[in-house]
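K.L.:
For reference, the structure I am asking about is given below.
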Amino acid sequence: MRAVVVGGGIGGLASAVALTRSGWQVEVLERAAEFGEVGAGLAVQPNALRALDALGLGDAVRERASTEAPAGIRAPSGRWLSRTDPGELRRRYGQWAMVHRADLLEILHAAIPADALRPGVDVHEVRRDGTVLHSGGTSTGDLVVGADGIRSITRRSVWGEAPAPRYAGYSTWRAISNVPVRESVETWGRGERFGYSPLPDGRTYFYAVVNAPEGEEGGADELRRRFAHWHDPIPALVNAVEGTALLRHDTYELPNLSSYVAGKAALVGDAAHAMTPNLGQGACQALEDAVVLAAADGLAEYDRLRRPRTQMVVRRSHRLGVIAHWAAPALVGVRNTVLRMLPRSSFSRSMAPVLDWAP
Ligand SMILES: Cc1cc2nc3c(=O)[nH]c(=O)nc-3n(C[C@H](O)[C@H](O)[C@H](O)COP(=O)(O)OP(=O)(O)OC[C@H]3O[C@@H](n4cnc5c(N)ncnc54)[C@H](O)[C@@H]3O)c2cc1C
């Protein structure tokens with residue numbers, strides 16, 4: 001049986017690994033000239049580590065990760081709004097793995113036969129009968145996996161009526177810094193949020209999310225203007241940003257699709273359920289998709305197992321973003337008071353539907 005995978009990001013490469021291990025002959029078509037990704041860090045949460053374990057790659061990822069669980073949420077002054085108990089989180093759910101994206105892609109890439117990978121191939125159209133038209137000609141599969149991200153050509157070809165991604169109202173900077181930090185923290189201000197996590201090589205992955213009109217620009221100066229007066233180590237992180245690759249992207253999410261499968265095509269990852277990054281679950285869900293797709297007894301079962309779960313995660317992530325990005329002082333005051341009153345265990349309990357997944 002032949003599978004054509006459109007897109008070689010985390011979802012596409014993980015699908016290729018899972019299908020290869022289930023005996024499929026796989027071809028991965030990736031438009032970029034090389035597989036890989038520049039950029040930033042990625043939280044691989046316990047549910048996704050279990051998916052990677054099912055692919056036999058969990059330990060390779062742990063070896064290249066820092067495994068701190070999130071420590072909690074602070075206010076810009078540094079005051080804790082919500083503290084988690086990282087030990088309790090680990091006992092309850094398992095390990096977290098903060099990795100460089102490029103490392104995760106490299107591990108997935110190495111687990112796929114080299115002749116299955118076709119970089120520099122731009123897909124133009126996908127048909128329900130398993131035909132894929134691309135810059136290198138035509139490929140045909142018993143299965144076509146649309147892993148081509150939020151603007152998926154697979155989705156636009158086969159699900160022509162599907163709604164377009166919508167702007168979530170905030171924009172995100174990401175960077176890797178040489179300034180070290182000890183724990184994974186998020187800090188919530190008014191319509192602004194900052195997060196940082198240690199990477200295993202002593203560097204730090206950080207991100208900053210701000211309410212902004214779609215398409216607004218702004219680089220290191222704007223980042224410093226907004227965050228250089230927040231609690232330590234945020235000033236050091238934003239002041240040292242010069243010379244590092246600072247990424248900025250607007251945040252989009254995909255309205256719910258009524259099916260992830262049509263004919264011989266199935267969607268995985270952002271092509272199926274692009275979500276806001278607030279829960280750090282987009283790639284985690286793509287990894288789950290890959291494992292379930294290869295194990296499912298037919299595409300209808302894949303859709304039945306994956307659509308309700310991923311759409312639940314999209315909704316939760318959206319709701320968290322709304323609250324985290326409140327800007328009105330009265331709302332922020334109420335939010336912060338409630339956060340401070342919640343018991344330590346409430347974050348852990350609230351994450352159960354997302355993190356308690358096993359293949
Ligand atoms: C700021 C931010 C922070 C995030 N943090 C986290 C996190 O901590 N943890 C987490 O789990 N998730 C996180 N995410 C989400 C995560 O990045 C995505 O969900 C994940 O990368 C999606 O992977 P994918 O393979 O589905 O899509 P993509 O990564 O978009 O890959 C799609 C691939 O398809 C290729 N492609 C597209 N069109 C074509 C075509 N026509 N022909 C051939 N190839 C094509 C592209 O070049 C690309 O390589 C974050 C997202 C953002 C924006």
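As shown in the structure tokens, the chain order sets the letters A, B, ...; within each chain, residues go from 1, and ligands are also counted from 1 in the order they appear.
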Report as CSV: every residue of range 39-119 of chain A with an atom at most 8 Å from range 17-22 of chain A, its closest pair of atoms, and their distance in Å to one decimal, counting only C-alpha atoms, with rows sorted by chain and ascending residue number.

P.N.:
```
residue,atom,partner,partner_atom,distance
A:Leu55,CA,A:Ala18,CA,6.3
A:Leu108,CA,A:Val17,CA,7.0
A:Ala111,CA,A:Val17,CA,6.2
A:Ile112,CA,A:Val17,CA,5.7
```

K.L.:
Take the residues that were just selected and, keeping C-alpha atoms, output them as a PDB file, in the first residue's frame.

P.N.:
```
ATOM      1  CA  LEU A  55       6.966   5.529  17.318  1.00  0.00           C
ATOM      2  CA  LEU A 108      11.748  12.255  12.820  1.00  0.00           C
ATOM      3  CA  ALA A 111      13.567   7.543  11.116  1.00  0.00           C
ATOM      4  CA  ILE A 112      12.297   7.682   7.502  1.00  0.00           C
TER       5      ILE A 112
END
```

K.L.:
Fewer than 4 positions away in the same chain doesn't count, so skip those; otherwise give me all residues within 10 Å of Ser184 in chain A, counting only C-alpha atoms, as a PyMOL selection string.

P.N.:
chain A and resi 67-73+86+98+195-199+204-206

K.L.:
What are the DSSP helix (DSSP H, G or I) residues of range 151-238 of chain A, as JSON, numbers by chain?

P.N.:
{"A": [153, 154, 155, 156, 157, 158, 220, 221, 222, 223, 224, 225, 226, 227, 234, 235, 236, 237, 238]}

K.L.:
Can you tell me, as a list in words, what residues are no more than 7 Å from Pro200 in chain A when counting only C-alpha atoms, ignoring any on the same chain fewer than 6 positions away?

P.N.:
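My reading of the contact set: Arg64, Ala65 and Ser66 of chain A.
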
K.L.:
For Ala54 in chain A, find every residue with an atom within 10 Å (counting only C-alpha atoms), except residues of its own chain fewer than 2 positions away, and show them as number ranges by chain.

P.N.:
A: 18, 48-52, 56-58, 288, 291, 358-359
